[in-house]
Amino acid sequence: MLDPERGKALEAHIADRAAATDRHGGDLSAEIAALASSGWLAACLPRALDGEGWGSEAEGTAEAFDALRTLGRANLSVARLFEGHMNAVKLVALHAGHDLSEALAARIHDGLLLGVWGADDPSDPLGLERAEGEIRLSGSKRFASGLGLVGAAVVTVAGEDGPQMLLVETGDAQRIDLEPWRMGGMRASNSGRYDFSGVRLQEDRLLGGPGAFLKEPHFEGGVWRYAATHCGAAESLYEDMREGLIARERADDPNQQRRIARAAMAIETARLWLARAADEVEMAHARPGKAVLSLMAREVTDEACRTVMELAARALGMAAYEEGTRTERMLRDLSVFLCQAGPDAKRARVAERLVETGARPEFL
């Protein structure tokens with residue numbers, strides 16, 4: 001479990017700045033600097049690289065889970081970037097060579113933020129060709145979060161044998177286009193399009209072989225991470241609802257009490273599912289089939305978040321939609337973030353797995 005004192009000051013600092021950065025192209029550099037100076041970026045590294053194993057080793061799972069929820073309560077855009085960093089560190093730890101891992105770890109200790117950009121621009125998908133002993137890229141990635149903040153990203157190139165991962169430097173401002181991201185929520189995530197055309201890199205930047213990106217339980221099994229940030233956002237909405245009702249002397253109303261109780265139970269149900277999924281998926285030598293626990297936990301969390309959003313809106317009425325408030329921002333951000341990524345397909349795979357195994361969920 002994460003030491004509460006370690007997260008409290010950072011959560012407050014990021015939460016206090018959230019309203020000021022809630023715009024397209026909002027500057028989150030101070031938040032990323034705070035994550036670096038607090039040791040949270042480096043904490044994601046394996047212990048052999050002077051990290052704490054957050055998300056990269058079984059021993060760091062509980063702290064990683066709490067850290068993601070902490071940032072979800074503070075600012076979902078920051079939480080999104082930190083989750084991407086944690087994911088990228090995990091992929092590098094699993095698939096990179098020793099020299100690249102050590103060099104990258106040194107940069108992370110110095111404040112480097114990583115990302116994972118998997119969505120191709122349909123009209124210009126990422127491609128690669130080998131020539132003269134190097135790799136040359138073409139195409140673009142869309143929905144790339146952390147543009148201008150992420151210094152290097154794990155990207156995927158589609159192929160007949162599965163996607164090939166590469167670690168690519170992403171600090172060229174001339175390749176960034178923030179215009180495609182016009183969502184009403186997650187405005188400060190600095191998401192958009194990055195053009196990789198003409199980028200050259202060495203063979204050591206290849207991570208694993210074709211298809212390694214999809215290996216379970218690390219691919220869909222890893223959805224517990226972003227679902228943990230959603231859970232944190234629901235916790236924030238619950239706090240706003242409860243405190244708002246107390247301030248308005250409405251907390252003793254039976255209708256409001258039912259809303260408070262339902263929201264609390266929904267959040268705790270999601271937290272327990274996520275804690276189990278994270279613990280079992282991140283266990284050393286976990287079976288590929290354990291990924292279904294993360295998919296189920298994501299579904300439970302999705303339902304819990306939507307329940308809490310509705311209850312908070314009903315409890316607070318018009319106040320829930322007042323611009324500039326934490327509640328209104330969280331409702332917008334969480335509504336958008338819950339759309340990630342292909343939820344219907346994930347739900348279908350849960351059902352397929354349950355039918356296939358014939359097992360009760362407790363035995364998965």
# chains A, B, ... in the order shown; residues from 1 in each chain; ligands from 1

call {"tool": "select_by_dssp", "arguments": {"residues": "stretch 125-251 of chain A", "states": "strand (DSSP E or B)", "output": "PyMOL selection string"}}
result
chain A and resi 127-131+134-138+140-144+152-157+164-169+176-177+192-195+200-201+206-207

call {"tool": "write_last_selection", "arguments": {"atoms": "N, CA and C atoms", "output": "mmCIF file, in the first residue's frame"}}
result
data_model
loop_
_atom_site.group_PDB
_atom_site.id
_atom_site.type_symbol
_atom_site.label_atom_id
_atom_site.label_comp_id
_atom_site.auth_asym_id
_atom_site.auth_seq_id
_atom_site.Cartn_x
_atom_site.Cartn_y
_atom_site.Cartn_z
ATOM 1 N N GLY A 127 4.389 2.847 -40.611
ATOM 2 C CA GLY A 127 5.063 1.773 -41.326
ATOM 3 C C GLY A 127 6.560 1.867 -41.124
ATOM 4 N N LEU A 128 7.260 0.785 -41.436
ATOM 5 C CA LEU A 128 8.723 0.806 -41.319
ATOM 6 C C LEU A 128 9.340 0.061 -42.485
ATOM 7 N N GLU A 129 10.558 0.455 -42.815
ATOM 8 C CA GLU A 129 11.373 -0.274 -43.779
ATOM 9 C C GLU A 129 12.819 -0.262 -43.298
ATOM 10 N N ARG A 130 13.503 -1.330 -43.611
ATOM 11 C CA ARG A 130 14.910 -1.444 -43.240
ATOM 12 C C ARG A 130 15.776 -1.095 -44.444
ATOM 13 N N ALA A 131 16.769 -0.243 -44.211
ATOM 14 C CA ALA A 131 17.664 0.163 -45.288
ATOM 15 C C ALA A 131 18.988 0.625 -44.698
ATOM 16 N N GLU A 134 19.588 0.496 -40.849
ATOM 17 C CA GLU A 134 18.756 1.250 -39.925
ATOM 18 C C GLU A 134 17.282 1.080 -40.291
ATOM 19 N N ILE A 135 16.408 1.564 -39.401
ATOM 20 C CA ILE A 135 14.974 1.489 -39.604
ATOM 21 C C ILE A 135 14.457 2.886 -39.944
ATOM 22 N N ARG A 136 13.640 2.957 -40.970
ATOM 23 C CA ARG A 136 13.043 4.228 -41.356
ATOM 24 C C ARG A 136 11.526 4.124 -41.220
ATOM 25 N N LEU A 137 10.945 5.124 -40.589
ATOM 26 C CA LEU A 137 9.505 5.114 -40.318
ATOM 27 C C LEU A 137 8.752 6.016 -41.291
ATOM 28 N N SER A 138 7.480 5.699 -41.452
ATOM 29 C CA SER A 138 6.557 6.549 -42.201
ATOM 30 C C SER A 138 5.209 6.492 -41.485
ATOM 31 N N SER A 140 1.746 8.082 -39.204
ATOM 32 C CA SER A 140 1.419 8.859 -38.007
ATOM 33 C C SER A 140 0.644 8.022 -36.996
ATOM 34 N N LYS A 141 0.662 8.490 -35.763
ATOM 35 C CA LYS A 141 -0.194 7.961 -34.712
ATOM 36 C C LYS A 141 -1.184 9.046 -34.295
ATOM 37 N N ARG A 142 -2.432 8.632 -34.029
ATOM 38 C CA ARG A 142 -3.432 9.569 -33.542
ATOM 39 C C ARG A 142 -3.801 9.195 -32.102
ATOM 40 N N PHE A 143 -4.580 10.056 -31.458
ATOM 41 C CA PHE A 143 -4.946 9.877 -30.048
ATOM 42 C C PHE A 143 -3.700 9.692 -29.183
ATOM 43 N N ALA A 144 -2.596 10.269 -29.611
ATOM 44 C CA ALA A 144 -1.336 10.180 -28.858
ATOM 45 C C ALA A 144 -1.392 11.183 -27.714
ATOM 46 N N ALA A 152 9.761 9.939 -25.186
ATOM 47 C CA ALA A 152 9.944 8.734 -25.997
ATOM 48 C C ALA A 152 8.699 7.878 -25.811
ATOM 49 N N ALA A 153 8.276 7.222 -26.895
ATOM 50 C CA ALA A 153 7.047 6.437 -26.842
ATOM 51 C C ALA A 153 7.255 5.053 -27.433
ATOM 52 N N VAL A 154 6.553 4.094 -26.848
ATOM 53 C CA VAL A 154 6.446 2.768 -27.444
ATOM 54 C C VAL A 154 5.330 2.851 -28.473
ATOM 55 N N VAL A 155 5.663 2.570 -29.733
ATOM 56 C CA VAL A 155 4.685 2.600 -30.812
ATOM 57 C C VAL A 155 4.627 1.227 -31.472
ATOM 58 N N THR A 156 3.557 0.969 -32.195
ATOM 59 C CA THR A 156 3.383 -0.320 -32.858
ATOM 60 C C THR A 156 3.231 -0.125 -34.359
ATOM 61 N N VAL A 157 3.810 -1.064 -35.096
ATOM 62 C CA VAL A 157 3.676 -1.099 -36.549
ATOM 63 C C VAL A 157 2.999 -2.417 -36.914
ATOM 64 N N GLN A 164 4.603 -4.928 -34.381
ATOM 65 C CA GLN A 164 5.984 -4.825 -33.913
ATOM 66 C C GLN A 164 6.133 -3.553 -33.088
ATOM 67 N N MET A 165 6.651 -3.683 -31.875
ATOM 68 C CA MET A 165 6.882 -2.526 -31.014
ATOM 69 C C MET A 165 8.245 -1.905 -31.294
ATOM 70 N N LEU A 166 8.295 -0.592 -31.189
ATOM 71 C CA LEU A 166 9.540 0.160 -31.259
ATOM 72 C C LEU A 166 9.510 1.252 -30.204
ATOM 73 N N LEU A 167 10.672 1.617 -29.723
ATOM 74 C CA LEU A 167 10.797 2.762 -28.821
ATOM 75 C C LEU A 167 11.377 3.915 -29.623
ATOM 76 N N VAL A 168 10.603 5.004 -29.747
ATOM 77 C CA VAL A 168 10.960 6.103 -30.643
ATOM 78 C C VAL A 168 10.979 7.416 -29.871
ATOM 79 N N GLU A 169 11.980 8.246 -30.159
ATOM 80 C CA GLU A 169 12.039 9.578 -29.564
ATOM 81 C C GLU A 169 10.892 10.426 -30.123
ATOM 82 N N ILE A 176 4.181 17.562 -34.157
ATOM 83 C CA ILE A 176 2.997 17.511 -33.284
ATOM 84 C C ILE A 176 1.829 18.280 -33.893
ATOM 85 N N ASP A 177 0.642 17.674 -33.824
ATOM 86 C CA ASP A 177 -0.582 18.349 -34.255
ATOM 87 C C ASP A 177 -1.662 18.088 -33.204
ATOM 88 N N GLY A 192 -3.345 14.149 -29.545
ATOM 89 C CA GLY A 192 -3.432 14.553 -30.937
ATOM 90 C C GLY A 192 -2.677 13.603 -31.837
ATOM 91 N N ARG A 193 -2.067 14.147 -32.860
ATOM 92 C CA ARG A 193 -1.406 13.371 -33.910
ATOM 93 C C ARG A 193 0.097 13.642 -33.902
ATOM 94 N N TYR A 194 0.890 12.575 -34.076
ATOM 95 C CA TYR A 194 2.341 12.731 -34.180
ATOM 96 C C TYR A 194 2.789 12.080 -35.486
ATOM 97 N N ASP A 195 3.524 12.844 -36.297
ATOM 98 C CA ASP A 195 3.994 12.397 -37.610
ATOM 99 C C ASP A 195 5.409 11.819 -37.483
ATOM 100 N N ARG A 200 14.432 8.016 -38.279
ATOM 101 C CA ARG A 200 15.360 6.898 -38.416
ATOM 102 C C ARG A 200 15.811 6.437 -37.039
ATOM 103 N N LEU A 201 15.954 5.137 -36.889
ATOM 104 C CA LEU A 201 16.409 4.589 -35.611
ATOM 105 C C LEU A 201 17.148 3.284 -35.836
ATOM 106 N N LEU A 206 13.957 -1.873 -31.494
ATOM 107 C CA LEU A 206 12.888 -2.848 -31.617
ATOM 108 C C LEU A 206 12.657 -3.502 -30.261
ATOM 109 N N LEU A 207 11.408 -3.619 -29.861
ATOM 110 C CA LEU A 207 11.071 -4.247 -28.578
ATOM 111 C C LEU A 207 10.356 -5.572 -28.851
#

call {"tool": "select_by_dssp", "arguments": {"residues": "stretch 12-143 of chain A", "states": "helix (DSSP H, G or I)", "output": "count of residues only"}}
result
75

call {"tool": "residues_around", "arguments": {"residues": "stretch 238-248 of chain A", "least_positions_apart": "4", "cutoff": "8 Å", "atoms": "only C-alpha atoms", "output": "ChimeraX atom specification"}}
result
/A:234,256,260,263-264,308,312,315-316,327

call {"tool": "residues_around", "arguments": {"residues": "A:Glu83", "least_positions_apart": "2", "cutoff": "10 Å", "atoms": "only C-alpha atoms", "output": "JSON, numbers by chain"}}
result
{"A": [44, 55, 64, 67, 68, 71, 72, 77, 78, 79, 80, 81, 85, 86, 87, 88, 89, 114, 115, 116, 223, 225, 226, 227, 228, 229]}

call {"tool": "residues_around", "arguments": {"residues": "A:His285", "least_positions_apart": "4", "cutoff": "12 Å", "atoms": "only C-alpha atoms", "output": "JSON list (two decimals) with all heavy atoms, in the first residue's frame"}}
result
[["chain", "number", "residue", "atom", "x", "y", "z"],
["A", 57, "GLU", "N", 6.83, -4.92, -11.50],
["A", 57, "GLU", "CA", 7.15, -6.11, -10.71],
["A", 57, "GLU", "C", 6.01, -6.37, -9.74],
["A", 57, "GLU", "O", 5.33, -5.44, -9.29],
["A", 57, "GLU", "CB", 8.45, -5.92, -9.93],
["A", 57, "GLU", "CG", 9.68, -5.80, -10.83],
["A", 57, "GLU", "CD", 10.95, -5.54, -10.02],
["A", 57, "GLU", "OE1", 10.89, -4.76, -9.06],
["A", 57, "GLU", "OE2", 11.99, -6.11, -10.39],
["A", 58, "ALA", "N", 5.82, -7.62, -9.40],
["A", 58, "ALA", "CA", 4.71, -8.00, -8.52],
["A", 58, "ALA", "C", 4.76, -7.25, -7.20],
["A", 58, "ALA", "O", 3.72, -6.84, -6.66],
["A", 58, "ALA", "CB", 4.73, -9.51, -8.29],
["A", 216, "GLU", "N", -0.40, -12.01, -23.53],
["A", 216, "GLU", "CA", -1.10, -11.96, -22.25],
["A", 216, "GLU", "C", -0.29, -12.68, -21.17],
["A", 216, "GLU", "O", 0.53, -13.53, -21.49],
["A", 216, "GLU", "CB", -2.48, -12.61, -22.39],
["A", 216, "GLU", "CG", -3.45, -11.91, -23.34],
["A", 216, "GLU", "CD", -3.88, -10.51, -22.88],
["A", 216, "GLU", "OE1", -3.42, -10.06, -21.82],
["A", 216, "GLU", "OE2", -4.64, -9.89, -23.62],
["A", 217, "PRO", "N", -0.47, -12.27, -19.92],
["A", 217, "PRO", "CA", -1.54, -11.38, -19.43],
["A", 217, "PRO", "C", -1.17, -9.90, -19.41],
["A", 217, "PRO", "O", -1.77, -9.14, -18.66],
["A", 217, "PRO", "CB", -1.75, -11.89, -18.00],
["A", 217, "PRO", "CG", -0.37, -12.28, -17.56],
["A", 217, "PRO", "CD", 0.29, -12.85, -18.79],
["A", 218, "HIS", "N", -0.20, -9.48, -20.23],
["A", 218, "HIS", "CA", 0.28, -8.10, -20.15],
["A", 218, "HIS", "C", -0.48, -7.13, -21.04],
["A", 218, "HIS", "O", -0.38, -5.92, -20.83],
["A", 218, "HIS", "CB", 1.77, -8.06, -20.50],
["A", 218, "HIS", "CG", 2.59, -9.03, -19.73],
["A", 218, "HIS", "ND1", 2.61, -9.04, -18.35],
["A", 218, "HIS", "CD2", 3.39, -10.06, -20.13],
["A", 218, "HIS", "CE1", 3.41, -10.02, -17.94],
["A", 218, "HIS", "NE2", 3.89, -10.66, -18.99],
["A", 280, "GLU", "N", -3.34, -10.50, -9.26],
["A", 280, "GLU", "CA", -3.18, -11.79, -9.93],
["A", 280, "GLU", "C", -2.57, -11.65, -11.32],
["A", 280, "GLU", "O", -1.79, -12.51, -11.75],
["A", 280, "GLU", "CB", -4.53, -12.51, -10.00],
["A", 280, "GLU", "CG", -5.08, -12.85, -8.61],
["A", 280, "GLU", "CD", -6.20, -13.87, -8.65],
["A", 280, "GLU", "OE1", -6.25, -14.69, -9.59],
["A", 280, "GLU", "OE2", -7.05, -13.83, -7.73],
["A", 281, "VAL", "N", -2.87, -10.58, -12.03],
["A", 281, "VAL", "CA", -2.29, -10.38, -13.36],
["A", 281, "VAL", "C", -0.80, -10.06, -13.26],
["A", 281, "VAL", "O", 0.00, -10.54, -14.08],
["A", 281, "VAL", "CB", -3.03, -9.24, -14.09],
["A", 281, "VAL", "CG1", -2.22, -8.74, -15.28],
["A", 281, "VAL", "CG2", -4.40, -9.71, -14.55],
["A", 289, "GLY", "N", -4.54, -16.60, -19.14],
["A", 289, "GLY", "CA", -5.97, -16.53, -18.87],
["A", 289, "GLY", "C", -6.35, -15.56, -17.77],
["A", 289, "GLY", "O", -7.53, -15.18, -17.65],
["A", 290, "LYS", "N", -5.39, -15.15, -16.96],
["A", 290, "LYS", "CA", -5.69, -14.20, -15.88],
["A", 290, "LYS", "C", -6.12, -12.85, -16.43],
["A", 290, "LYS", "O", -6.72, -12.04, -15.70],
["A", 290, "LYS", "CB", -4.46, -14.02, -14.98],
["A", 290, "LYS", "CG", -4.17, -15.21, -14.08],
["A", 290, "LYS", "CD", -5.24, -15.39, -13.02],
["A", 290, "LYS", "CE", -4.90, -16.51, -12.05],
["A", 290, "LYS", "NZ", -5.96, -16.71, -11.03]]

call {"tool": "residues_around", "arguments": {"residues": "stretch 182-184 of chain A", "least_positions_apart": "3", "cutoff": "8 Å", "atoms": "only C-alpha atoms", "output": "number ranges by chain"}}
result
A: 24, 179, 187, 332-333, 336

call {"tool": "write_last_selection", "arguments": {"atoms": "N, CA and C atoms", "output": "PDB file, in the first residue's frame"}}
result
ATOM      1  N   HIS A  24      -7.680  22.822 -24.052  1.00  0.00           N
ATOM      2  CA  HIS A  24      -6.910  22.148 -25.091  1.00  0.00           C
ATOM      3  C   HIS A  24      -5.505  22.751 -25.139  1.00  0.00           C
ATOM      4  N   GLU A 179      -4.580  19.683 -33.135  1.00  0.00           N
ATOM      5  CA  GLU A 179      -5.904  20.049 -33.647  1.00  0.00           C
ATOM      6  C   GLU A 179      -6.904  18.888 -33.686  1.00  0.00           C
ATOM      7  N   ARG A 187      -9.238  17.453 -21.854  1.00  0.00           N
ATOM      8  CA  ARG A 187      -8.669  18.522 -22.669  1.00  0.00           C
ATOM      9  C   ARG A 187      -7.177  18.703 -22.422  1.00  0.00           C
ATOM     10  N   ARG A 332     -16.976  15.513 -17.067  1.00  0.00           N
ATOM     11  CA  ARG A 332     -16.567  15.572 -18.481  1.00  0.00           C
ATOM     12  C   ARG A 332     -15.418  14.621 -18.767  1.00  0.00           C
ATOM     13  N   ASP A 333     -14.376  14.710 -17.947  1.00  0.00           N
ATOM     14  CA  ASP A 333     -13.174  13.909 -18.199  1.00  0.00           C
ATOM     15  C   ASP A 333     -13.465  12.411 -18.098  1.00  0.00           C
ATOM     16  N   VAL A 336     -15.405  10.894 -21.074  1.00  0.00           N
ATOM     17  CA  VAL A 336     -14.562  10.646 -22.246  1.00  0.00           C
ATOM     18  C   VAL A 336     -13.619   9.473 -22.013  1.00  0.00           C
TER      19      VAL A 336
END

call {"tool": "atom_distance", "arguments": {"atom1": "atom CA of A:Gly232", "atom2": "atom CA of A:Leu354"}}
result
27.9 Å

call {"tool": "closest_residue", "arguments": {"among": "A:Cys305, A:Ala34, A:Ala297, A:Ala119", "to": "A:Ala341", "atoms": "only C-alpha atoms"}}
result
A:Ala119

call {"tool": "closest_residue", "arguments": {"among": "A:Ala266, A:Val92, A:Val199, A:Ala30", "to": "A:Leu149", "atoms": "only C-alpha atoms"}}
result
A:Ala30

call {"tool": "closest_residue", "arguments": {"among": "A:Ala20, A:Met296, A:Glu102, A:Ala48", "to": "A:Ala351", "atoms": "only C-alpha atoms"}}
result
A:Met296

call {"tool": "decode", "arguments": {"residues": "stretch 170-220 of chain A", "atoms": "C-alpha atoms", "output": "compact mmCIF listing (two decimals), in the first residue's frame"}}
result
# COMPACT_ATOMS: atom_id res chain seq x y z
CA THR A 170 9.06 11.95 -29.68
CA GLY A 171 10.43 15.36 -28.75
CA ASP A 172 10.21 17.06 -32.16
CA ALA A 173 7.63 19.83 -31.80
CA GLN A 174 7.37 20.19 -35.59
CA ARG A 175 5.77 16.74 -35.80
CA ILE A 176 3.00 17.51 -33.28
CA ASP A 177 -0.58 18.35 -34.25
CA LEU A 178 -3.01 19.00 -31.39
CA GLU A 179 -5.90 20.05 -33.65
CA PRO A 180 -7.47 16.58 -34.12
CA TRP A 181 -8.28 16.31 -30.39
CA ARG A 182 -11.49 18.30 -29.96
CA MET A 183 -13.07 16.30 -27.15
CA GLY A 184 -15.09 18.00 -24.44
CA GLY A 185 -13.22 16.05 -21.77
CA MET A 186 -9.57 15.17 -21.13
CA ARG A 187 -8.67 18.52 -22.67
CA ALA A 188 -5.38 18.82 -20.80
CA SER A 189 -4.10 15.40 -21.90
CA ASN A 190 -2.28 17.08 -24.80
CA SER A 191 -3.58 14.44 -27.17
CA GLY A 192 -3.43 14.55 -30.94
CA ARG A 193 -1.41 13.37 -33.91
CA TYR A 194 2.34 12.73 -34.18
CA ASP A 195 3.99 12.40 -37.61
CA PHE A 196 6.85 9.86 -37.70
CA SER A 197 7.60 10.21 -41.41
CA GLY A 198 11.34 10.13 -42.04
CA VAL A 199 12.32 9.18 -38.49
CA ARG A 200 15.36 6.90 -38.42
CA LEU A 201 16.41 4.59 -35.61
CA GLN A 202 18.68 1.68 -34.86
CA GLU A 203 17.72 -1.98 -34.60
CA ASP A 204 18.13 -1.93 -30.81
CA ARG A 205 14.96 0.19 -30.65
CA LEU A 206 12.89 -2.85 -31.62
CA LEU A 207 11.07 -4.25 -28.58
CA GLY A 208 10.40 -7.97 -28.75
CA GLY A 209 9.25 -9.65 -31.91
CA PRO A 210 6.06 -9.34 -33.98
CA GLY A 211 3.04 -10.03 -31.80
CA ALA A 212 4.84 -9.54 -28.47
CA PHE A 213 2.69 -6.46 -27.80
CA LEU A 214 -0.41 -8.67 -27.65
CA LYS A 215 1.07 -11.20 -25.25
CA GLU A 216 -1.10 -11.96 -22.25
CA PRO A 217 -1.54 -11.38 -19.43
CA HIS A 218 0.28 -8.10 -20.15
CA PHE A 219 -1.90 -6.73 -22.98
CA GLU A 220 -5.57 -6.74 -22.04
